Amino acid sequence: MGSSLFQWSKDESSVLYPFRRFMASDLAVLIQFLFAFVVMLFDAYIPGALGFGVLLTLILIFCDDIVSAFPTFLSALCFIIQAQNTYNKFIVFLPFLIVPVVAGVFHAVVYRNKEHTTMGVLFLPMVLVSITNFLGGLGTITAAEYFSTTSLSYMFALGFMIVIFYWALSGHIGPGKNYTEHMDIRISKMMCAMTLLLILAVFETYAENWSEFTAHPGILYMQWRNNGCTLLMMALPFTFFMALQKFPYILLSFGSMIAMVLSGSRGGLIMGGIEFVILLILFLFLDKEHRKIIGLIALSFIFLIAAALPKLISFMSYTSGRFTSMSQYNIRLGLWKRSILDFKANPIFGRGLGYTGNRDIHPSKTATLCWYHSSLPQVWGSFGLVGIAAYGYQFLTRLRFLKSRPSLFGRTVLMSFIGLELMSLVNPGIFAPVYPIILTALFIIVERYSFPNMVIQVTYTDPELPLPEPEVPAKGEMF
């Protein structure tokens, strides 16, 4: 593959260089998210998915920079989660998935950094979790449950698929391999673009159902509310990160919280609210210049809420009603109680991911597992003591790893990780493969790049303090 067609990054002699350079630009990111919004407007989920699948394939084949594929993936994800009751329509096109998969293998082989041969500290915990996924239920789960297509797919997707992704992506991300000198800014802009798209999606739902909303003002039903809020919570720290670079980005931070409230997601309201308050406090601590402005905005919101409280209670009745619904409590508490019984039934290996014995409490949808709808009971109920050890070890390793990266971007990824874990306490979260994939990509960027110290990063906007050049490690070097 030594031809001029397939070369490493920044090789201007390649005939593909203009295309590669464009796909790495902010304009390409914006265009893709705008097209995703058009897909949402016309509910063209299947044509949109096919179109973005073709674009993803082209990027994987002709772009040497894997990061250029991230906006395509995130854009498509934002509208695919809104495709309600379309499983039977999507499954018809499942064979076409082989095309971008083959393109991904092609990219991994052709463009891989041959000098990168070592894995980081996150590799071993991933392998242990992958093995645990397949050990879950050993001794109690039936063969039909264990070997079902859904069970095997999730065991692989939540384990060894992430390991393969981590190994493959680690050889494609790093200084000198991607079209940017400031990867932290580039990734944060992508997450901000995703945030804006999801905010627009929430407001588009209200605009589309305006007559219903005006007739009965209140929160509208959105089937995708929890998935949308999970993405918003993962992206929220990056909006604050960008606000420290350019203050107007703070509007996305507040807009994200408003979107989570309007989505009707209880997890988004409570867990997203906790995350937002923590991030806002940290932002006030770091950004001294805009403390008064943020303080005034926050106080205005508090007074506005207090003044409109009677109407607000009525407006939020759809969400609050599900907080107090006995049927909802029966499901949640029932699953927690059942997880303890499942743990007792097999303390070493749990009941397994494919166990279907809890569908009497909450029937699972087509091609999904019978979730406990919380990460903690999911671990001990599905994997027993082995799962507690493996997932606990992975969680602590990730925390130690992110703690060892004291850059502002490293702390931003840490808060994104915490946001996902918070949402996972009340939803499948980390047990839905797409979110660990996004998280793993963020971990690799923190692992492979060296960013300025957090204090320097925050103060570099001061014209009297020059921004130091970030340390650039050698290719393949782990740090």
# chains A, B, ... in the order shown; residues from 1 in each chain; ligands from 1
>>> residues_around(residues="region 133-148 of chain A", least_positions_apart="6", cutoff="7 Å", atoms="only C-alpha atoms", output="PyMOL selection string")
chain A and resi 155+159+349-355+382-383
>>> write_last_selection(atoms="N, CA, C and O atoms", output="PDB file, in the first residue's frame")
ATOM      1  N   MET A 155     -23.219 -10.012  24.466  1.00  0.00           N
ATOM      2  CA  MET A 155     -22.010 -10.439  25.172  1.00  0.00           C
ATOM      3  C   MET A 155     -20.769 -10.020  24.394  1.00  0.00           C
ATOM      4  O   MET A 155     -19.775  -9.568  24.984  1.00  0.00           O
ATOM      5  N   GLY A 159     -18.241  -6.490  25.176  1.00  0.00           N
ATOM      6  CA  GLY A 159     -16.949  -6.958  25.651  1.00  0.00           C
ATOM      7  C   GLY A 159     -15.869  -6.932  24.595  1.00  0.00           C
ATOM      8  O   GLY A 159     -15.199  -5.922  24.385  1.00  0.00           O
ATOM      9  N   PHE A 349     -21.482 -16.401  39.405  1.00  0.00           N
ATOM     10  CA  PHE A 349     -21.585 -15.954  38.028  1.00  0.00           C
ATOM     11  C   PHE A 349     -22.899 -15.244  37.697  1.00  0.00           C
ATOM     12  O   PHE A 349     -23.087 -14.804  36.555  1.00  0.00           O
ATOM     13  N   GLY A 350     -23.820 -15.108  38.631  1.00  0.00           N
ATOM     14  CA  GLY A 350     -25.079 -14.432  38.358  1.00  0.00           C
ATOM     15  C   GLY A 350     -25.951 -15.198  37.379  1.00  0.00           C
ATOM     16  O   GLY A 350     -25.715 -16.383  37.092  1.00  0.00           O
ATOM     17  N   ARG A 351     -26.964 -14.530  36.864  1.00  0.00           N
ATOM     18  CA  ARG A 351     -27.923 -15.171  35.963  1.00  0.00           C
ATOM     19  C   ARG A 351     -27.525 -15.087  34.490  1.00  0.00           C
ATOM     20  O   ARG A 351     -28.063 -15.806  33.663  1.00  0.00           O
ATOM     21  N   GLY A 352     -26.607 -14.180  34.148  1.00  0.00           N
ATOM     22  CA  GLY A 352     -26.203 -14.038  32.748  1.00  0.00           C
ATOM     23  C   GLY A 352     -26.981 -12.959  32.021  1.00  0.00           C
ATOM     24  O   GLY A 352     -28.129 -12.663  32.365  1.00  0.00           O
ATOM     25  N   LEU A 353     -26.364 -12.388  30.996  1.00  0.00           N
ATOM     26  CA  LEU A 353     -27.008 -11.319  30.230  1.00  0.00           C
ATOM     27  C   LEU A 353     -28.262 -11.798  29.507  1.00  0.00           C
ATOM     28  O   LEU A 353     -29.221 -11.054  29.334  1.00  0.00           O
ATOM     29  N   GLY A 354     -28.246 -13.046  29.066  1.00  0.00           N
ATOM     30  CA  GLY A 354     -29.364 -13.547  28.269  1.00  0.00           C
ATOM     31  C   GLY A 354     -30.533 -14.069  29.077  1.00  0.00           C
ATOM     32  O   GLY A 354     -31.527 -14.528  28.494  1.00  0.00           O
ATOM     33  N   TYR A 355     -30.467 -13.987  30.401  1.00  0.00           N
ATOM     34  CA  TYR A 355     -31.539 -14.502  31.255  1.00  0.00           C
ATOM     35  C   TYR A 355     -32.844 -13.737  31.007  1.00  0.00           C
ATOM     36  O   TYR A 355     -32.854 -12.500  30.961  1.00  0.00           O
ATOM     37  N   SER A 382     -26.443 -10.127  36.853  1.00  0.00           N
ATOM     38  CA  SER A 382     -26.052 -10.845  35.649  1.00  0.00           C
ATOM     39  C   SER A 382     -24.724 -11.591  35.782  1.00  0.00           C
ATOM     40  O   SER A 382     -24.522 -12.619  35.127  1.00  0.00           O
ATOM     41  N   PHE A 383     -23.813 -11.080  36.642  1.00  0.00           N
ATOM     42  CA  PHE A 383     -22.463 -11.644  36.676  1.00  0.00           C
ATOM     43  C   PHE A 383     -21.980 -12.050  38.062  1.00  0.00           C
ATOM     44  O   PHE A 383     -20.873 -12.576  38.186  1.00  0.00           O
TER      45      PHE A 383
END
>>> select_by_dssp(residues="region 108-267 of chain A", states="helix (DSSP H, G or I)", output="PyMOL selection string")
chain A and resi 108-110+123-135+143-146+149-157+160-170+183-208+210-215+225-245+247-263+266-267
>>> residues_around(residues="Gly51 (chain A)", least_positions_apart="6", cutoff="12 Å", atoms="only C-alpha atoms", output="VMD selection string")
chain A and resid 32 35 to 36 39 44 to 45 57 to 58 72 to 73 75 to 76 96 100
>>> residues_around(residues="region 414-429 of chain A", least_positions_apart="2", cutoff="9 Å", atoms="only C-alpha atoms", output="number ranges by chain")
A: 226-227, 229-231, 233-238, 266-268, 271-272, 274-275, 279, 332, 371-376, 378, 398-399, 402-403, 409-412, 431-433, 435-436, 439
>>> atom_distance(atom1="CA of Gln394 (chain A)", atom2="CA of Met126 (chain A)")
6.9 Å
>>> closest_residue(among="A:Ile98, A:Met23, A:Val261, A:Val67", to="Gly53 (chain A)", atoms="only C-alpha atoms")
A:Ile98
>>> atom_distance(atom1="CA of Phe165 (chain A)", atom2="CA of Thr440 (chain A)")
8.1 Å
>>> closest_residue(among="A:Gly264, A:Pro95, A:Gly384, A:Pro406", to="Phe315 (chain A)", atoms="only C-alpha atoms")
A:Gly264
>>> residues_around(residues="region 247-250 of chain A", least_positions_apart="2", cutoff="12 Å", atoms="only C-alpha atoms", output="PyMOL selection string")
chain A and resi 188-189+191-193+195-196+236-245+252-257+276+279-280+283-284+287-291+293-294+297+461
>>> atom_distance(atom1="CA of Tyr318 (chain A)", atom2="CA of Phe301 (chain A)")
21.4 Å
>>> closest_residue(among="A:Met190, A:Leu56, A:Ile444, A:Ala307", to="Leu27 (chain A)", atoms="only C-alpha atoms")
A:Met190
>>> closest_residue(among="A:Gly218, A:Leu200, A:Gly120, A:Ile59", to="Gly321 (chain A)", atoms="only C-alpha atoms")
A:Gly218
